[in-house]
>>> print(open('model11.cif').read())   # mmCIF, C-alpha atoms
data_target
loop_
_atom_site.group_PDB
_atom_site.id
_atom_site.type_symbol
_atom_site.label_atom_id
_atom_site.label_comp_id
_atom_site.auth_asym_id
_atom_site.auth_seq_id
_atom_site.Cartn_x
_atom_site.Cartn_y
_atom_site.Cartn_z
ATOM 1 C CA MET A 1 0.000 0.000 0.000
ATOM 2 C CA TRP A 2 2.904 2.402 0.634
ATOM 3 C CA ILE A 3 5.425 3.683 -1.855
ATOM 4 C CA ALA A 4 8.904 4.154 -0.423
ATOM 5 C CA ASP A 5 10.249 6.455 -3.123
ATOM 6 C CA ASN A 6 8.960 9.896 -3.951
ATOM 7 C CA LYS A 7 7.722 9.264 -7.509
ATOM 8 C CA PRO A 8 4.647 11.099 -8.822
ATOM 9 C CA VAL A 9 1.472 9.151 -8.166
ATOM 10 C CA SER A 10 -1.743 9.225 -10.161
ATOM 11 C CA MET A 11 -5.078 8.594 -8.532
ATOM 12 C CA PRO A 12 -8.256 7.499 -10.279
ATOM 13 C CA LEU A 13 -11.367 9.263 -9.034
ATOM 14 C CA GLU A 14 -15.005 8.316 -8.890
ATOM 15 C CA MET A 15 -17.812 10.890 -8.802
ATOM 16 C CA ILE A 16 -20.442 10.011 -6.191
ATOM 17 C CA SER A 17 -23.765 11.754 -5.657
ATOM 18 C CA CYS A 18 -24.023 12.301 -1.911
ATOM 19 C CA GLN A 19 -26.669 13.650 0.428
ATOM 20 C CA TRP A 20 -25.214 17.196 0.190
ATOM 21 C CA GLY A 21 -23.977 17.092 -3.417
ATOM 22 C CA TRP A 22 -21.263 15.521 -5.560
ATOM 23 C CA MET A 23 -17.897 14.285 -4.276
ATOM 24 C CA MET A 24 -14.771 13.071 -6.036
ATOM 25 C CA CYS A 25 -13.556 9.910 -4.302
ATOM 26 C CA PRO A 26 -10.665 7.452 -4.694
ATOM 27 C CA PRO A 27 -12.428 4.197 -5.672
ATOM 28 C CA GLY A 28 -9.974 2.000 -3.739
ATOM 29 C CA ASP A 29 -10.826 3.551 -0.374
ATOM 30 C CA GLN A 30 -12.868 0.955 1.473
ATOM 31 C CA PHE A 31 -14.177 3.182 4.243
ATOM 32 C CA VAL A 32 -15.005 6.770 3.271
ATOM 33 C CA THR A 33 -15.636 6.069 -0.420
ATOM 34 C CA GLY A 34 -17.346 2.785 0.445
ATOM 35 C CA SER A 35 -19.735 4.563 2.807
ATOM 36 C CA LEU A 36 -20.466 7.371 0.347
ATOM 37 C CA ARG A 37 -21.029 4.858 -2.436
ATOM 38 C CA SER A 38 -23.397 2.718 -0.328
ATOM 39 C CA TRP A 39 -25.334 5.330 1.638
ATOM 40 C CA GLY A 40 -24.498 8.754 0.225
ATOM 41 C CA VAL A 41 -23.081 9.857 3.597
ATOM 42 C CA TYR A 42 -20.048 9.210 5.764
ATOM 43 C CA SER A 43 -20.209 9.170 9.561
ATOM 44 C CA GLU A 44 -23.723 10.596 9.443
ATOM 45 C CA THR A 45 -24.219 11.014 13.206
ATOM 46 C CA GLU A 46 -20.902 12.840 13.619
ATOM 47 C CA SER A 47 -21.683 15.051 10.637
ATOM 48 C CA MET A 48 -25.146 15.921 11.978
ATOM 49 C CA ILE A 49 -23.743 16.862 15.404
ATOM 50 C CA LEU A 50 -20.922 18.938 13.891
ATOM 51 C CA ARG A 51 -23.339 20.713 11.538
ATOM 52 C CA LYS A 52 -25.462 21.755 14.553
ATOM 53 C CA LEU A 53 -22.442 22.822 16.630
ATOM 54 C CA CYS A 54 -20.802 24.791 13.810
ATOM 55 C CA GLU A 55 -23.838 26.465 12.296
ATOM 56 C CA ASN A 56 -22.880 30.090 11.519
ATOM 57 C CA ARG A 57 -19.543 29.576 13.302
ATOM 58 C CA ARG A 58 -15.923 29.039 12.308
ATOM 59 C CA ALA A 59 -14.614 25.451 12.205
ATOM 60 C CA LEU A 60 -11.113 23.978 12.206
ATOM 61 C CA ILE A 61 -10.607 20.455 10.877
ATOM 62 C CA ILE A 62 -7.254 18.744 11.214
ATOM 63 C CA GLY A 63 -6.907 15.750 8.919
ATOM 64 C CA GLY A 64 -9.685 16.553 6.467
ATOM 65 C CA ASN A 65 -9.052 13.589 4.137
ATOM 66 C CA ILE A 66 -11.227 14.018 0.999
ATOM 67 C CA GLY A 67 -13.742 16.250 2.776
ATOM 68 C CA ALA A 68 -16.586 13.858 3.587
ATOM 69 C CA ILE A 69 -17.142 15.803 6.827
ATOM 70 C CA ALA A 70 -15.601 19.185 5.896
ATOM 71 C CA ALA A 71 -17.553 19.665 2.651
ATOM 72 C CA PRO A 72 -21.055 19.340 4.132
ATOM 73 C CA LEU A 73 -19.913 21.309 7.191
ATOM 74 C CA SER A 74 -18.922 24.209 4.914
ATOM 75 C CA GLN A 75 -22.568 24.541 3.908
ATOM 76 C CA VAL A 76 -23.588 25.600 7.433
ATOM 77 C CA ALA A 77 -20.408 27.006 9.031
ATOM 78 C CA SER A 78 -19.434 30.602 8.327
ATOM 79 C CA TYR A 79 -15.812 29.545 7.646
ATOM 80 C CA VAL A 80 -13.985 26.203 7.578
ATOM 81 C CA GLU A 81 -10.208 25.786 7.685
ATOM 82 C CA VAL A 82 -9.049 22.254 6.842
ATOM 83 C CA TYR A 83 -5.546 20.779 7.188
ATOM 84 C CA GLU A 84 -4.637 17.677 5.188
ATOM 85 C CA PRO A 85 -1.017 16.470 4.991
ATOM 86 C CA GLN A 86 -1.277 14.139 1.967
ATOM 87 C CA PRO A 87 -0.699 16.372 -1.106
ATOM 88 C CA ILE A 88 -2.877 14.441 -3.557
ATOM 89 C CA ILE A 89 -5.673 14.011 -1.014
ATOM 90 C CA ALA A 90 -5.466 17.760 -0.234
ATOM 91 C CA GLN A 91 -6.090 18.459 -3.947
ATOM 92 C CA VAL A 92 -9.152 16.183 -3.919
ATOM 93 C CA LEU A 93 -10.307 17.857 -0.695
ATOM 94 C CA GLU A 94 -9.983 21.293 -2.325
ATOM 95 C CA SER A 95 -12.102 20.104 -5.264
ATOM 96 C CA ASN A 96 -14.734 18.585 -2.983
ATOM 97 C CA MET A 97 -14.967 21.782 -0.956
ATOM 98 C CA ALA A 98 -15.647 23.674 -4.198
ATOM 99 C CA LEU A 99 -18.213 21.087 -5.303
ATOM 100 C CA ALA A 100 -20.068 21.496 -1.977
ATOM 101 C CA LYS A 101 -20.759 25.139 -2.857
ATOM 102 C CA GLY A 102 -20.511 26.014 0.819
ATOM 103 C CA ASN A 103 -19.391 29.127 2.597
ATOM 104 C CA GLU A 104 -15.859 30.472 2.872
ATOM 105 C CA TYR A 105 -13.123 27.870 3.407
ATOM 106 C CA ASN A 106 -9.375 27.372 3.248
ATOM 107 C CA VAL A 107 -7.637 24.060 2.549
ATOM 108 C CA VAL A 108 -4.050 23.838 3.821
ATOM 109 C CA ASN A 109 -1.775 21.077 2.543
ATOM 110 C CA GLY A 110 0.164 20.477 5.717
ATOM 111 C CA ALA A 111 0.264 18.704 9.060
ATOM 112 C CA VAL A 112 -0.450 20.114 12.514
ATOM 113 C CA GLY A 113 1.708 19.343 15.547
ATOM 114 C CA PRO A 114 3.484 20.781 18.598
ATOM 115 C CA ASN A 115 5.722 23.186 16.637
ATOM 116 C CA ASP A 116 6.414 24.645 13.191
ATOM 117 C CA GLY A 117 8.636 22.742 10.812
ATOM 118 C CA VAL A 118 8.366 20.122 8.102
ATOM 119 C CA ILE A 119 7.309 16.491 8.141
ATOM 120 C CA GLN A 120 7.701 13.603 5.725
ATOM 121 C CA VAL A 121 4.278 12.225 4.716
ATOM 122 C CA PRO A 122 4.188 8.705 3.260
ATOM 123 C CA VAL A 123 3.001 8.438 -0.337
ATOM 124 C CA VAL A 124 -0.017 6.155 -0.610
ATOM 125 C CA LYS A 125 -0.494 3.819 -3.553
ATOM 126 C CA PHE A 126 -3.972 5.029 -4.486
ATOM 127 C CA ASP A 127 -4.900 2.196 -6.802
ATOM 128 C CA ALA A 128 -4.957 -0.345 -3.940
ATOM 129 C CA ASP A 129 -8.019 -1.315 -1.926
ATOM 130 C CA CYS A 130 -7.285 0.074 1.524
ATOM 131 C CA ASN A 131 -8.159 2.585 4.220
ATOM 132 C CA MET A 132 -6.642 5.721 2.689
ATOM 133 C CA GLY A 133 -7.419 7.805 5.766
ATOM 134 C CA ARG A 134 -4.980 5.798 7.880
ATOM 135 C CA ILE A 135 -1.278 6.425 7.787
ATOM 136 C CA GLY A 136 0.402 4.434 10.535
ATOM 137 C CA LYS A 137 3.201 6.036 12.493
ATOM 138 C CA GLU A 138 5.554 3.323 11.226
ATOM 139 C CA ASN A 139 5.405 5.007 7.791
ATOM 140 C CA TRP A 140 6.220 8.564 8.913
ATOM 141 C CA GLY A 141 9.615 9.982 8.091
ATOM 142 C CA LYS A 142 9.672 8.878 4.467
ATOM 143 C CA GLY A 143 7.806 10.261 1.488
ATOM 144 C CA THR A 144 6.789 13.793 0.568
ATOM 145 C CA GLU A 145 7.893 16.765 2.653
ATOM 146 C CA VAL A 146 5.038 19.054 3.776
ATOM 147 C CA PRO A 147 4.856 21.965 6.220
ATOM 148 C CA LEU A 148 4.155 21.258 9.881
ATOM 149 C CA TYR A 149 2.127 23.993 11.618
ATOM 150 C CA ASN A 150 2.113 24.708 15.331
ATOM 151 C CA ILE A 151 -1.282 23.741 16.753
ATOM 152 C CA ASN A 152 -1.264 26.881 18.915
ATOM 153 C CA ALA A 153 -0.925 29.112 15.855
ATOM 154 C CA VAL A 154 -3.600 27.643 13.563
#
>>> encode(input="model11.cif", output="structure tokens")
Amino acid sequence: MWIADNKPVSMPLEMISCQWGWMMCPPGDQFVTGSLRSWGVYSETESMILRKLCENRRALIIGGNIGAIAAPLSQVASYVEVYEPQPIIAQVLESNMALAKGNEYNVVNGAVGPNDGVIQVPVVKFDADCNMGRIGKENWGKGTEVPLYNINAV
């Protein structure tokens, strides 16, 4: 599932009609894409609670993945800032935020931690059937370099 070198990776995408609109999803993802494909929603209870809590408020999401929670949240929150360390997934997230036609948002391709710096994010092989939202700590330290933002400054 992981690619040790830093070669460019292509990712096929599937368009799925969801409860709140269209989303671009990696077809090999068994969990988020699988849920959206089967039910048109992902983590529905969590999304409903967050939508109520964030209505007309600002929201910060760390680890936004493809936006299955952030995109629908942007439709009720006044502003959503989303951090996603995987570069390709951050591009899909950006597209899904635009497709949601929500309120103001900002997608940041970077990680969040105890201080500013950089971090190596493993490159995922996107054509494999897997849980693309999980990157185990055993894979950190190799891959693509992305900014690391201090949690107290975001």
>>> atom_distance(input="model11.cif", atom1="CA of Ala100 in chain A", atom2="CA of Val112 in chain A")
24.4 Å
>>> resolve_selection(input="model11.cif", expression="the PyMOL selection byres ((chain A and resi 89) around 10)", output="PyMOL selection string")
chain A and resi 11+25-26+64-67+84-88+90-95+109+124+126+132-133
>>> axis_aligned_box(input="model11.cif", around="range 109-126 of chain A", padding_each_side="4 Å", output="JSON")
{"center_x": 2.3, "center_y": 14.2, "center_z": 7.1, "size_x": 20.6, "size_y": 28.8, "size_z": 31.1}
>>> closest_residue(input="model11.cif", among="A:Pro12, A:Pro122, A:Gly110, A:Gly40", to="Ile61 in chain A", atoms="only C-alpha atoms")
A:Gly110
>>> atom_distance(input="model11.cif", atom1="CA of Lys101 in chain A", atom2="CA of Met24 in chain A")
13.8 Å
>>> residues_near_point(input="model11.cif", point="(-26.8, 21.6, 8.8)", cutoff="8 Å", atoms="all atoms listed in the file", output="MDAnalysis selection string")
chainID A and resid 48 51:52 55 72:73 75:76
>>> atom_distance(input="model11.cif", atom1="CA of Gly113 in chain A", atom2="CA of Ser78 in chain A")
25.0 Å
>>> residues_around(input="model11.cif", residues="Leu60 in chain A", least_positions_apart="3", cutoff="12 Å", atoms="all atoms listed in the file", output="count of residues only")
25
>>> resolve_selection(input="model11.cif", expression="the PyMOL selection byres ((chain A and resi 146) around 7)", output="list in words")
Pro85, Gly110, Val118, Ile119, Gln120, Val121, Thr144, Glu145, Pro147 and Leu148 of chain A
>>> closest_residue(input="model11.cif", among="A:Ser35, A:Ala98, A:Asn150, A:Lys142", to="Gly117 in chain A", atoms="all atoms listed in the file")
A:Asn150
>>> closest_residue(input="model11.cif", among="A:Met15, A:Val123, A:Gly21, A:Gly34", to="Gly143 in chain A", atoms="all atoms listed in the file")
A:Val123
>>> closest_residue(input="model11.cif", among="A:Val41, A:Leu13, A:Met97, A:Ile49", to="Asp29 in chain A", atoms="all atoms listed in the file")
A:Leu13
